[in-house]
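Chemist: So that you have it, the file is final-v4.cif, and it contains mmCIF, C-alpha atoms:
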```cif
data_upload
#
loop_
_atom_site.label_atom_id
_atom_site.label_comp_id
_atom_site.auth_asym_id
_atom_site.auth_seq_id
_atom_site.Cartn_x
_atom_site.Cartn_y
_atom_site.Cartn_z
CA MET O 1 6.01 28.62 6.35
CA ASN O 2 2.27 29.18 6.37
CA ASN O 3 0.18 26.47 4.71
CA SER O 4 -1.91 29.06 2.86
CA GLN O 5 1.27 30.38 1.24
CA THR O 6 2.31 26.96 -0.07
CA SER O 7 -1.08 25.71 -1.27
CA THR O 8 -2.47 26.44 -4.68
CA LEU O 9 -6.18 25.70 -4.50
CA LEU O 10 -7.40 25.08 -8.02
CA LYS O 11 -11.08 24.13 -7.92
CA ARG O 12 -11.74 21.77 -10.77
CA THR O 13 -14.57 19.32 -11.33
CA PHE O 14 -14.19 15.89 -12.91
CA THR O 15 -16.72 13.18 -13.69
CA HIS O 16 -15.88 9.47 -13.84
CA THR O 17 -18.51 7.10 -15.19
CA ILE O 18 -17.81 3.53 -14.12
CA LEU O 19 -19.17 0.90 -16.55
CA ASN O 20 -22.20 3.09 -17.33
CA SER O 21 -23.55 2.24 -13.88
CA ILE O 22 -21.84 4.52 -11.34
CA GLU O 23 -21.23 8.23 -11.79
CA VAL O 24 -18.56 9.78 -9.57
CA ASN O 25 -18.31 13.59 -9.53
CA ILE O 26 -15.09 14.96 -8.06
CA GLU O 27 -14.41 18.58 -7.12
CA VAL O 28 -10.71 19.12 -6.42
CA THR O 29 -10.13 21.76 -3.75
CA GLU O 30 -6.51 21.04 -2.80
CA ASN O 31 -3.61 20.03 -5.02
CA THR O 32 -0.57 21.73 -3.49
CA TYR O 33 1.97 20.06 -5.75
CA GLN O 34 -0.30 20.36 -8.83
CA LEU O 35 -0.13 16.64 -9.58
CA PRO O 36 -2.21 15.48 -12.59
CA LEU O 37 -5.19 13.42 -11.40
CA GLU O 38 -4.67 10.86 -14.14
CA GLU O 39 -1.23 10.10 -12.68
CA LEU O 40 -2.70 9.39 -9.25
CA PHE O 41 -5.72 7.18 -9.89
CA THR O 42 -8.36 5.72 -12.13
CA MET O 43 -11.60 4.02 -11.01
CA ALA O 44 -13.29 0.62 -10.90
CA ALA O 45 -16.41 -1.04 -9.51
CA ARG O 46 -16.02 -2.98 -6.28
CA ILE O 47 -17.78 -6.26 -5.62
CA ASN O 48 -18.76 -5.06 -2.16
CA LYS O 49 -22.23 -4.18 -0.82
CA LYS O 50 -20.77 -1.57 1.55
CA ARG O 51 -19.09 0.54 -1.16
CA SER O 52 -19.67 0.22 -4.89
CA PHE O 53 -16.60 2.01 -6.26
CA LEU O 54 -12.84 1.97 -5.88
CA PHE O 55 -10.16 4.58 -6.46
CA VAL O 56 -7.54 2.48 -8.25
CA SER O 57 -4.20 4.02 -7.39
CA ARG O 58 -1.53 4.54 -10.03
CA VAL O 59 1.17 5.07 -7.40
CA LEU O 60 0.59 2.39 -4.74
CA GLY O 61 1.48 -0.69 -6.75
CA LYS O 62 -1.60 -2.63 -5.64
CA HIS O 63 -4.18 -3.10 -8.39
CA LEU O 64 -2.13 -1.48 -11.18
CA PRO O 65 1.53 -2.11 -12.10
CA ILE O 66 3.82 0.84 -11.44
CA HIS O 67 7.48 1.63 -11.70
CA PRO O 68 8.57 0.88 -8.11
CA GLY O 69 10.40 4.20 -7.81
CA ARG O 70 7.07 6.03 -8.14
CA GLY O 71 5.67 4.15 -5.18
CA LEU O 72 8.67 5.06 -3.02
CA LEU O 73 8.52 8.67 -4.25
CA THR O 74 4.87 8.95 -3.24
CA GLY O 75 5.86 8.21 0.35
CA ALA O 76 8.56 10.89 0.10
CA LEU O 77 6.14 13.48 -1.31
CA LEU O 78 3.76 12.83 1.57
CA ALA O 79 6.66 13.22 4.01
CA ALA O 80 7.61 16.52 2.35
CA LYS O 81 4.02 17.74 2.68
CA TYR O 82 3.95 16.59 6.33
CA LEU O 83 7.17 18.50 7.07
CA GLU O 84 5.95 21.70 5.46
CA THR O 85 2.34 21.79 6.66
CA THR O 86 2.56 20.17 10.08
CA LYS O 87 6.04 21.25 11.22
CA GLU O 88 6.23 24.43 9.08
CA ILE O 89 9.73 23.49 7.87
CA GLU O 90 10.55 23.97 4.18
CA CYS O 91 11.50 20.71 2.44
CA GLU O 92 14.64 21.33 0.38
CA GLN O 93 14.21 18.04 -1.49
CA LYS O 94 10.66 18.77 -2.67
CA LYS O 95 11.59 20.08 -6.15
CA GLN O 96 13.82 17.05 -6.73
CA PHE O 97 11.00 14.69 -5.70
CA LEU O 98 8.50 16.39 -8.03
CA SER O 99 10.97 16.31 -10.92
CA LEU O 100 11.59 12.60 -10.41
CA PHE O 101 7.87 11.91 -10.06
CA SER O 102 7.27 13.22 -13.57
CA GLN O 103 9.72 10.67 -15.02
CA ILE O 104 8.49 7.33 -16.39
CA GLU O 105 11.15 5.28 -14.59
CA PRO O 106 12.52 7.41 -11.73
CA ASP O 107 15.81 6.23 -10.26
CA PHE O 108 15.11 7.08 -6.65
CA GLN O 109 17.38 6.48 -3.66
CA LEU O 110 16.13 8.21 -0.52
CA LEU O 111 18.15 9.66 2.33
CA PRO O 112 16.09 10.58 5.43
CA PHE O 113 15.39 14.30 5.61
CA ILE O 114 12.95 14.81 8.51
CA PRO O 115 15.11 15.85 11.49
CA LYS O 116 15.60 13.86 14.68
CA ARG O 117 13.54 16.22 16.81
CA CYS O 118 10.48 14.78 14.99
CA ASN O 119 10.07 11.46 16.76
CA PRO O 120 6.67 9.96 15.87
CA VAL O 121 5.19 6.49 15.89
CA ILE O 122 4.07 5.78 12.30
CA ILE O 123 1.34 3.26 11.51
CA GLY O 124 0.64 1.93 8.01
CA PHE O 125 -2.79 0.43 7.31
CA ALA O 126 -3.01 -3.12 5.99
CA GLU O 127 -3.21 -4.26 3.44
CA THR O 128 -3.02 -1.48 0.91
CA ALA O 129 -0.80 1.06 2.69
CA THR O 130 1.90 -1.17 4.21
CA ALA O 131 4.46 -0.14 1.56
CA LEU O 132 3.29 3.49 1.51
CA GLY O 133 3.60 3.71 5.30
CA HIS O 134 7.08 2.18 5.26
CA ALA O 135 8.24 4.48 2.42
CA PHE O 136 6.92 7.46 4.41
CA PHE O 137 8.77 6.18 7.50
CA ASP O 138 12.01 5.96 5.47
CA CYS O 139 12.08 9.77 5.41
CA PHE O 140 12.52 10.12 9.19
CA GLU O 141 15.88 10.27 10.95
CA ASN O 142 14.17 9.32 14.21
CA GLY O 143 10.94 7.39 14.47
CA GLN O 144 9.27 4.02 14.81
CA PHE O 145 7.01 2.19 12.39
CA PHE O 146 4.62 -0.70 12.35
CA HIS O 147 1.78 -1.74 10.12
CA THR O 148 -1.55 -3.21 11.08
CA THR O 149 -2.25 -6.77 9.99
CA ARG O 150 -5.21 -8.99 9.13
CA GLU O 151 -3.26 -12.01 10.40
CA GLU O 152 -4.47 -13.82 13.51
CA MET O 153 -1.76 -15.45 15.62
CA ASP O 154 -2.75 -18.19 18.01
CA GLY O 155 -1.58 -17.47 21.54
CA LEU O 156 -0.61 -13.86 20.86
CA GLU O 157 -2.87 -10.97 21.83
CA PRO O 158 -2.73 -7.77 19.73
CA SER O 159 -1.85 -4.56 21.58
CA ILE O 160 -4.77 -2.80 19.89
CA THR O 161 -7.48 -3.69 17.37
CA PHE O 162 -9.90 -1.64 15.29
CA GLU O 163 -12.42 -2.05 12.50
CA GLU O 164 -12.58 -0.75 8.91
CA GLU O 165 -16.27 -1.05 8.08
CA HIS O 166 -16.19 -0.64 4.28
CA SER O 167 -13.24 -3.00 3.71
CA HIS O 168 -13.48 -6.53 2.33
CA ALA O 169 -11.58 -7.73 5.43
CA THR O 170 -12.58 -5.43 8.28
CA SER O 171 -10.46 -6.32 11.33
CA HIS O 172 -7.03 -4.75 11.94
CA ARG O 173 -4.63 -6.06 14.58
CA CYS O 174 -1.41 -4.58 15.93
CA TYR O 175 1.15 -7.04 17.33
CA ILE O 176 3.81 -4.73 18.72
CA PRO O 177 5.81 -4.28 21.93
CA ILE O 178 3.60 -2.34 24.31
CA GLU O 179 6.28 0.31 24.93
CA MET O 180 6.12 1.31 21.26
CA ILE O 181 2.67 2.78 21.80
CA ASP O 182 2.56 3.28 25.57
CA ASN O 183 4.03 6.81 25.39
CA ASN O 184 2.98 10.38 24.60
CA ARG O 185 4.64 10.73 21.17
CA GLU O 186 2.79 11.89 18.07
CA ILE O 187 1.00 9.09 16.22
CA ILE O 188 0.99 9.29 12.40
CA LEU O 189 -1.56 7.12 10.58
CA VAL O 190 -0.78 6.41 6.91
CA ASP O 191 -3.43 5.24 4.44
CA ASP O 192 -3.87 5.48 0.68
CA GLU O 193 -7.13 7.44 0.78
CA MET O 194 -9.84 8.80 3.07
CA THR O 195 -13.41 8.81 1.86
CA THR O 196 -15.19 9.20 5.20
CA GLY O 197 -12.20 9.05 7.58
CA LYS O 198 -13.94 6.42 9.75
CA THR O 199 -10.91 4.11 9.71
CA ALA O 200 -8.69 6.87 11.11
CA LEU O 201 -11.28 7.85 13.70
CA ASN O 202 -11.65 4.23 14.78
CA ILE O 203 -7.95 3.73 15.39
CA ILE O 204 -7.59 7.08 17.17
CA HIS O 205 -10.43 6.01 19.48
CA SER O 206 -8.78 2.62 20.06
CA ILE O 207 -5.36 4.08 20.78
CA HIS O 208 -6.61 6.94 22.93
CA ALA O 209 -8.71 4.66 25.14
CA LYS O 210 -5.59 2.81 26.27
CA PHE O 211 -2.67 5.09 25.43
CA PRO O 212 -3.82 8.75 25.40
CA ARG O 213 -1.65 11.53 23.95
CA LYS O 214 -2.04 15.06 22.64
CA GLU O 215 -1.33 14.83 18.89
CA TYR O 216 -2.31 12.60 15.98
CA THR O 217 -1.67 13.06 12.26
CA VAL O 218 -3.52 11.34 9.42
CA VAL O 219 -1.60 11.05 6.15
CA SER O 220 -3.20 9.91 2.89
CA ILE O 221 -2.67 10.37 -0.83
CA LEU O 222 -6.32 11.28 -1.38
CA ASP O 223 -8.70 13.05 1.02
CA TRP O 224 -12.32 12.94 -0.13
CA ARG O 225 -14.01 13.68 3.21
CA SER O 226 -17.16 15.78 3.08
CA GLU O 227 -17.66 18.76 5.37
CA SER O 228 -19.76 16.64 7.73
CA HIS O 229 -16.99 14.03 7.89
CA LYS O 230 -14.42 16.75 8.61
CA GLN O 231 -16.64 17.99 11.41
CA GLN O 232 -16.45 14.53 12.98
CA PHE O 233 -12.69 15.02 13.27
CA SER O 234 -13.19 18.45 14.85
CA HIS O 235 -15.74 16.97 17.25
CA LEU O 236 -13.30 14.23 18.29
CA GLU O 237 -10.56 16.81 18.85
CA LYS O 238 -12.81 18.71 21.27
CA GLN O 239 -14.14 15.56 22.90
CA LEU O 240 -10.69 14.10 23.67
CA GLY O 241 -8.74 17.35 23.99
CA ILE O 242 -6.36 16.41 21.17
CA LYS O 243 -5.02 17.82 17.92
CA ILE O 244 -5.52 15.91 14.64
CA ASN O 245 -3.42 17.07 11.68
CA ILE O 246 -4.44 16.10 8.14
CA VAL O 247 -1.87 15.69 5.35
CA SER O 248 -2.75 14.69 1.77
CA LEU O 249 -1.52 15.21 -1.79
CA LEU O 250 -5.00 15.73 -3.23
CA GLY O 251 -8.21 16.81 -1.56
CA GLY O 252 -11.76 17.49 -2.61
CA ASN O 253 -15.38 16.45 -2.57
CA VAL O 254 -16.88 13.28 -4.05
CA ASN O 255 -20.52 12.65 -4.96
CA VAL O 256 -21.59 9.22 -6.15
CA TYR O 257 -24.74 8.40 -8.13
CA GLU O 258 -25.85 4.85 -8.81
CA ARG O 259 -27.18 4.91 -12.39
CA GLY O 260 -28.01 1.23 -12.74
CA LYS O 261 -26.97 -2.28 -11.93
CA LEU O 262 -23.65 -3.63 -13.15
CA ARG O 263 -23.84 -6.22 -15.88
CA GLU O 264 -23.28 -9.75 -14.72
CA GLN O 265 -19.58 -10.62 -14.76
CA LYS O 266 -18.64 -12.41 -17.98
CA ASN O 267 -16.91 -15.77 -18.14
CA LEU O 268 -13.39 -14.43 -17.82
CA ASP O 269 -11.72 -17.63 -19.00
CA SER O 270 -13.60 -18.05 -22.28
CA ASN O 271 -11.07 -16.27 -24.52
CA LYS O 272 -7.90 -16.97 -22.54
CA VAL O 273 -4.88 -18.90 -23.75
CA CYS O 274 -3.04 -20.97 -21.17
CA THR O 275 0.77 -21.01 -21.46
CA LYS O 276 2.81 -23.43 -19.41
CA SER O 277 5.33 -21.50 -17.29
CA SER O 278 8.74 -22.58 -16.11
CA ILE O 279 8.82 -22.43 -12.29
CA GLU O 280 11.92 -21.68 -10.22
CA PHE O 281 12.17 -21.29 -6.42
CA LEU O 282 14.54 -18.71 -4.92
CA SER O 283 15.22 -18.23 -1.20
CA LEU O 284 16.25 -14.89 0.33
CA SER O 285 16.31 -16.31 3.86
CA ASN O 286 20.04 -15.54 4.16
CA PHE O 287 19.29 -11.82 3.81
CA PHE O 288 16.51 -11.42 6.41
CA LYS O 289 15.90 -12.27 10.08
CA ALA O 290 13.15 -14.40 11.61
CA SER O 291 10.78 -12.48 13.84
CA ALA O 292 10.81 -13.02 17.60
CA PHE O 293 7.13 -13.94 17.23
CA SER O 294 7.88 -16.87 14.91
CA SER O 295 6.51 -19.42 17.38
CA PHE O 296 3.01 -17.99 16.91
CA THR O 297 2.76 -18.76 13.17
CA MET O 298 0.29 -21.39 12.05
CA SER O 299 2.39 -22.66 9.12
CA GLY O 300 5.58 -23.27 11.10
CA THR O 301 7.44 -20.75 8.93
CA PRO O 302 8.33 -17.53 10.77
CA PHE O 303 7.46 -14.05 9.65
CA ILE O 304 10.49 -11.82 9.11
CA LYS O 305 11.36 -8.90 11.36
CA GLU O 306 12.04 -6.32 8.67
CA THR O 307 8.49 -5.84 7.36
CA GLY O 308 7.46 -3.69 10.32
CA ARG O 309 4.55 -5.91 11.29
CA PHE O 310 6.12 -6.20 14.77
CA GLY O 311 7.74 -2.75 14.82
CA VAL O 312 10.99 -1.27 13.48
CA GLU O 313 13.03 1.85 14.31
CA SER O 314 14.71 4.42 12.07
CA ASP O 315 18.13 3.26 13.28
CA GLU O 316 17.43 -0.09 11.58
CA ASN O 317 16.66 1.39 8.15
CA GLN O 318 20.25 1.74 6.98
CA PHE O 319 20.94 -1.94 7.63
CA LEU O 320 17.60 -2.96 6.08
CA HIS O 321 18.39 -1.05 2.89
CA LYS O 322 21.76 -2.82 2.76
CA GLN O 323 20.02 -6.19 3.12
CA ILE O 324 17.57 -5.27 0.37
CA SER O 325 20.38 -4.15 -1.96
CA GLU O 326 22.21 -7.44 -1.43
CA ALA O 327 19.02 -9.42 -2.06
CA ALA O 328 18.35 -7.35 -5.20
CA CYS O 329 21.90 -7.99 -6.44
CA TYR O 330 21.31 -11.75 -6.03
CA LEU O 331 17.97 -11.62 -7.89
CA LYS O 332 19.34 -9.37 -10.61
CA GLU O 333 21.71 -12.18 -11.59
CA LYS O 334 18.68 -14.45 -11.95
CA ARG O 335 16.82 -12.00 -14.17
CA ILE O 336 16.44 -13.16 -17.78
CA GLY O 337 13.47 -11.15 -19.03
CA ASN O 338 13.35 -7.94 -21.04
CA LYS O 339 10.14 -6.85 -19.31
CA THR O 340 9.80 -8.04 -15.73
CA LEU O 341 6.96 -7.89 -13.22
CA CYS O 342 7.60 -8.14 -9.48
CA LEU O 343 4.53 -9.22 -7.54
CA GLY O 344 4.17 -8.64 -3.80
CA THR O 345 1.63 -10.70 -1.89
CA GLY O 346 -1.05 -9.25 0.37
CA GLU O 347 0.50 -7.16 3.14
CA PHE O 348 4.01 -8.04 2.00
CA MET O 349 4.59 -5.04 -0.25
CA TYR O 350 7.43 -2.77 0.88
CA ILE O 351 10.41 -5.14 0.66
CA PRO O 352 9.37 -6.47 -2.79
CA MET O 353 8.82 -2.91 -4.03
CA LYS O 354 12.22 -1.79 -2.74
CA ILE O 355 13.93 -4.84 -4.27
CA ALA O 356 12.14 -4.22 -7.59
CA SER O 357 13.45 -0.64 -7.63
CA GLU O 358 17.00 -2.04 -7.74
CA LEU O 359 16.57 -4.71 -10.43
CA GLY O 360 17.28 -2.45 -13.41
CA ARG O 361 15.25 -0.97 -16.24
CA ASN O 362 11.85 -2.09 -17.48
CA VAL O 363 10.86 -3.59 -14.14
CA PHE O 364 7.31 -3.09 -12.84
CA TYR O 365 5.73 -3.75 -9.48
CA GLN O 366 2.29 -4.53 -8.04
CA SER O 367 0.73 -6.82 -5.44
CA THR O 368 -2.01 -9.36 -4.88
CA THR O 369 -5.08 -8.15 -3.00
CA ARG O 370 -8.04 -9.53 -1.11
CA SER O 371 -10.37 -6.98 -2.72
CA PRO O 372 -12.80 -8.41 -5.31
CA VAL O 373 -13.25 -5.97 -8.20
CA HIS O 374 -15.48 -6.13 -11.28
CA ILE O 375 -13.32 -6.91 -14.34
CA GLU O 376 -14.02 -5.34 -17.73
CA ASN O 377 -11.52 -4.94 -20.57
CA LEU O 378 -12.30 -1.34 -21.45
CA PRO O 379 -9.78 1.50 -22.06
CA GLY O 380 -9.26 3.61 -18.94
CA TYR O 381 -11.09 1.22 -16.61
CA GLY O 382 -9.22 0.28 -13.43
CA ALA O 383 -9.45 -3.54 -13.65
CA ARG O 384 -9.16 -4.70 -17.25
CA TYR O 385 -7.78 -8.16 -16.49
CA GLY O 386 -7.92 -10.35 -13.41
CA ILE O 387 -7.13 -13.74 -11.95
CA HIS O 388 -8.42 -15.24 -8.71
CA PHE O 389 -6.81 -17.91 -6.52
CA LEU O 390 -6.42 -19.19 -2.97
CA ASN O 391 -3.64 -17.52 -0.97
CA PRO O 392 -0.79 -20.08 -0.83
CA GLU O 393 0.19 -18.90 2.67
CA GLU O 394 -3.38 -19.15 3.99
CA PRO O 395 -5.64 -21.15 1.62
CA SER O 396 -8.80 -20.10 3.47
CA VAL O 397 -8.29 -16.56 2.09
CA SER O 398 -8.92 -15.63 -1.56
CA HIS O 399 -6.49 -13.35 -3.41
CA ASN O 400 -6.69 -11.52 -6.72
CA VAL O 401 -4.29 -9.94 -9.20
CA TYR O 402 -5.47 -7.33 -11.66
CA ASN O 403 -4.21 -5.71 -14.85
CA ILE O 404 -1.68 -8.23 -16.14
CA PRO O 405 -2.40 -8.27 -19.89
CA PRO O 406 -1.72 -11.72 -21.41
CA GLY O 407 1.73 -11.85 -22.99
CA ASP O 408 2.76 -8.41 -21.71
CA TYR O 409 5.62 -9.67 -19.50
CA ASP O 410 8.19 -12.36 -20.18
CA GLU O 411 9.24 -12.82 -16.56
CA LEU O 412 7.57 -12.74 -13.14
CA PHE O 413 9.05 -12.67 -9.64
CA VAL O 414 6.40 -13.55 -7.01
CA PHE O 415 7.48 -12.47 -3.52
CA PHE O 416 6.31 -14.24 -0.36
CA GLU O 417 7.29 -13.27 3.15
CA ARG O 418 7.27 -16.95 4.17
CA GLU O 419 8.06 -20.05 2.15
CA PRO O 420 4.71 -21.40 0.93
CA ASP O 421 3.75 -25.06 0.76
CA LYS O 422 4.28 -26.17 -2.86
CA ASN O 423 0.94 -27.97 -2.89
CA ASN O 424 -0.79 -24.73 -1.89
CA LEU O 425 0.96 -22.91 -4.75
CA GLN O 426 -0.64 -25.00 -7.45
CA ASN O 427 -3.88 -23.02 -7.72
CA MET O 428 -1.99 -19.72 -8.00
CA ILE O 429 0.45 -21.10 -10.59
CA GLU O 430 -2.41 -22.44 -12.71
CA GLN O 431 -4.07 -19.03 -12.68
CA LEU O 432 -0.81 -17.22 -13.47
CA GLU O 433 -0.47 -19.32 -16.61
CA TRP O 434 -3.40 -17.32 -18.08
CA THR O 435 -1.03 -14.32 -18.12
CA GLU O 436 1.21 -16.14 -20.63
CA ILE O 437 4.35 -15.30 -18.65
CA LYS O 438 6.92 -17.93 -19.58
CA SER O 439 9.28 -17.62 -16.61
CA VAL O 440 7.87 -17.53 -13.04
CA LYS O 441 10.22 -17.29 -10.07
CA ILE O 442 8.78 -17.93 -6.59
CA VAL O 443 10.81 -15.86 -4.11
CA PHE O 444 10.49 -16.22 -0.33
CA CYS O 445 12.28 -14.41 2.50
CA SER O 446 11.78 -16.90 5.34
CA ALA O 447 12.32 -20.63 4.95
CA LYS O 448 10.90 -23.55 6.95
#
```
Could I get this structure in the form of structure tokens?

Modeler:
Amino acid sequence: MNNSQTSTLLKRTFTHTILNSIEVNIEVTENTYQLPLEELFTMAARINKKRSFLFVSRVLGKHLPIHPGRGLLTGALLAAKYLETTKEIECEQKKQFLSLFSQIEPDFQLLPFIPKRCNPVIIGFAETATALGHAFFDCFENGQFFHTTREEMDGLEPSITFEEEHSHATSHRCYIPIEMIDNNREIILVDDEMTTGKTALNIIHSIHAKFPRKEYTVVSILDWRSESHKQQFSHLEKQLGIKINIVSLLGGNVNVYERGKLREQKNLDSNKVCTKSSIEFLSLSNFFKASAFSSFTMSGTPFIKETGRFGVESDENQFLHKQISEAACYLKEKRIGNKTLCLGTGEFMYIPMKIASELGRNVFYQSTTRSPVHIENLPGYGARYGIHFLNPEEPSVSHNVYNIPPGDYDELFVFFEREPDKNNLQNMIEQLEWTEIKSVKIVFCSAK
């Protein structure tokens, strides 16, 4: 099927004004599945000298709470688009995916639909796209997946590294078996959005210098590259003698105008009410396996194998989904709230999102993030509430959680990959009490 036959190019222009200081003009040039923009993102101001604005995704489950099924569906929609545009194979499940995507709480259970002859290596970008990359990988009958990481492991050298210049934490590392990337298979890079495409170009350069191949694909929800940025991809194709496919759900042009300085951040605690939460600790260590690289952790608590940080294969997905369902069944018995929030931490997003999708109705999902964002309680703004604390797993790193309105949830599950030190948890727990959530359950997948 020809891409021009499946694409409906509706040129539409939108303007977002961020806190009366930043004007973002968007011209949409590609929206194949005709997804409403307001269902994909809103905007916020970053506290970052390298880039002043942020597309706040409504489908990732990072800065904004989502129904977890929508996050998993987004990966499936990208896989459908990949199948149709890159492999020219019609996706029979596409209409079902789009119908579910329009629902408020989609009940989504995926069976892989991309045939075995497609055998790529899929890479999700930390920290934002680890769950998106894994959900995309779920759609393949035959493939391998790993995600980049910000973690540094003493005594263990990454197979490849690359830089993301505009990010708050710029260095990406890949700790994977060398044979996973030392081959000539297609590489698929999965990220939430491309503004310049520099991150993708950087990793293609890094991979190709050591492990050259003929084909790369870049997959993102949003593609805002300008014509000059697109030409950089074409130039790299000619320079290296490779093919780079681009797959996105929404594409267009973005122009940003700085209209003035942001107001100084207000004292965010001045009008808050602190509610003492009940704290419960729950271990899922019986459901998941310690990684083979556990001896390289600084805390003495191993990472788990199933996240994909060290590489997973499609053959392992069926067993992983069974593990997740069993873990969800255990946590569902512990659930007492009418409205529940599941909170992933940092790069640890996919397993908590998948568990949240099986905990029943009125369950929402999001994650902590390193990214500092300007907070302002205004309708439509992308960061209306926020708390800030030291990461319990690595106290030298600051984390944030946005958009938890005080009193909105009556129960919170906080998911950690590794069991955190209880002393290190105190700062996070104190900050979470500003959310007025009465029941907080600390869930960890790997115990000391």

Chemist: Please enumerate the residues selected by the PyMOL selection byres ((chain O and resi 132-143) around 8) when evaluated against the supplied file, formatted as a CSV table (one decimal) with C-alpha atoms, in the coordinates of the input.

Modeler:
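The result, stored in part-v5.csv:
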```csv
chain,number,residue,atom,x,y,z
O,60,LEU,CA,0.6,2.4,-4.7
O,71,GLY,CA,5.7,4.2,-5.2
O,72,LEU,CA,8.7,5.1,-3.0
O,73,LEU,CA,8.5,8.7,-4.2
O,74,THR,CA,4.9,9.0,-3.2
O,75,GLY,CA,5.9,8.2,0.4
O,76,ALA,CA,8.6,10.9,0.1
O,78,LEU,CA,3.8,12.8,1.6
O,79,ALA,CA,6.7,13.2,4.0
O,110,LEU,CA,16.1,8.2,-0.5
O,111,LEU,CA,18.2,9.7,2.3
O,112,PRO,CA,16.1,10.6,5.4
O,113,PHE,CA,15.4,14.3,5.6
O,114,ILE,CA,13.0,14.8,8.5
O,115,PRO,CA,15.1,15.8,11.5
O,116,LYS,CA,15.6,13.9,14.7
O,117,ARG,CA,13.5,16.2,16.8
O,118,CYS,CA,10.5,14.8,15.0
O,119,ASN,CA,10.1,11.5,16.8
O,120,PRO,CA,6.7,10.0,15.9
O,121,VAL,CA,5.2,6.5,15.9
O,122,ILE,CA,4.1,5.8,12.3
O,123,ILE,CA,1.3,3.3,11.5
O,124,GLY,CA,0.6,1.9,8.0
O,125,PHE,CA,-2.8,0.4,7.3
O,129,ALA,CA,-0.8,1.1,2.7
O,130,THR,CA,1.9,-1.2,4.2
O,131,ALA,CA,4.5,-0.1,1.6
O,144,GLN,CA,9.3,4.0,14.8
O,145,PHE,CA,7.0,2.2,12.4
O,147,HIS,CA,1.8,-1.7,10.1
O,190,VAL,CA,-0.8,6.4,6.9
O,191,ASP,CA,-3.4,5.2,4.4
O,192,ASP,CA,-3.9,5.5,0.7
O,308,GLY,CA,7.5,-3.7,10.3
O,313,GLU,CA,13.0,1.8,14.3
O,314,SER,CA,14.7,4.4,12.1
O,315,ASP,CA,18.1,3.3,13.3
O,317,ASN,CA,16.7,1.4,8.2
O,350,TYR,CA,7.4,-2.8,0.9
```

Chemist: For CA of Ile160 (chain O) and CA of Tyr175 (chain O), determine how far apart the two atoms are, in Å to one decimal place.

Modeler: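 Atom-to-atom, CA of Ile160 (chain O) and CA of Tyr175 (chain O) are spaced 7.7 Å apart.
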
Chemist: Per residue of region 77-108 of chain O within 12 Å of region 16-32 of chain O, which atom pair is closest and at what distance in Å (one decimal), using all atoms listed in the file, listed by chain and increasing number, as JSON lines?

Modeler:
```
{"residue": "O:Leu77", "atom": "CA", "partner": "O:Thr32", "partner_atom": "CA", "distance": 10.9}
{"residue": "O:Leu78", "atom": "CA", "partner": "O:Thr32", "partner_atom": "CA", "distance": 11.1}
{"residue": "O:Ala80", "atom": "CA", "partner": "O:Thr32", "partner_atom": "CA", "distance": 11.3}
{"residue": "O:Lys81", "atom": "CA", "partner": "O:Thr32", "partner_atom": "CA", "distance": 8.7}
{"residue": "O:Tyr82", "atom": "CA", "partner": "O:Thr32", "partner_atom": "CA", "distance": 12.0}
{"residue": "O:Glu84", "atom": "CA", "partner": "O:Thr32", "partner_atom": "CA", "distance": 11.1}
{"residue": "O:Thr85", "atom": "CA", "partner": "O:Thr32", "partner_atom": "CA", "distance": 10.6}
{"residue": "O:Lys94", "atom": "CA", "partner": "O:Thr32", "partner_atom": "CA", "distance": 11.6}
{"residue": "O:Leu98", "atom": "CA", "partner": "O:Thr32", "partner_atom": "CA", "distance": 11.5}
```

Chemist: Take the PyMOL selection byres ((chain O and resi 230) around 12), run it mentally on this structure, and tell me the resulting residues as a ChimeraX atom specification.

Modeler: /O:194-198,200-201,223-229,231-237,244-246,251-253

Chemist: What does the distance between CA of Met353 (chain O) and CA of Thr217 (chain O) come to in Å, to one decimal place?

Modeler: 25.1 Å

Chemist: Please expand the PyMOL selection byres ((chain O and resi 304) around 7) into the concrete residues it hits in this file, giving the result as a count of residues only.

Modeler: 11

Chemist: Restricting the calculation to only C-alpha atoms: of O:Ile181, O:Thr301, O:Cys274, O:Thr368, which residue gets closest to Pro406 (chain O)?

Modeler: O:Cys274

Chemist: Taking the point (-8.2, -11.8, -3.7) as given in the file, collect each protein or nucleic acid residue that comes within 10 Å of it, counting only C-alpha atoms, and present the set as a tab-separated table (two decimals) with C-alpha atoms, in the frame of the given file.

Modeler:
```
chain	number	residue	atom	x	y	z
O	168	HIS	CA	-13.48	-6.53	2.33
O	346	GLY	CA	-1.05	-9.25	0.37
O	368	THR	CA	-2.01	-9.36	-4.88
O	369	THR	CA	-5.08	-8.15	-3.00
O	370	ARG	CA	-8.04	-9.53	-1.11
O	371	SER	CA	-10.37	-6.98	-2.72
O	372	PRO	CA	-12.80	-8.41	-5.31
O	373	VAL	CA	-13.25	-5.97	-8.20
O	386	GLY	CA	-7.92	-10.35	-13.41
O	387	ILE	CA	-7.13	-13.74	-11.95
O	388	HIS	CA	-8.42	-15.24	-8.71
O	389	PHE	CA	-6.81	-17.91	-6.52
O	390	LEU	CA	-6.42	-19.19	-2.97
O	391	ASN	CA	-3.64	-17.52	-0.97
O	397	VAL	CA	-8.29	-16.56	2.09
O	398	SER	CA	-8.92	-15.63	-1.56
O	399	HIS	CA	-6.49	-13.35	-3.41
O	400	ASN	CA	-6.69	-11.52	-6.72
O	401	VAL	CA	-4.29	-9.94	-9.20
O	402	TYR	CA	-5.47	-7.33	-11.66
```
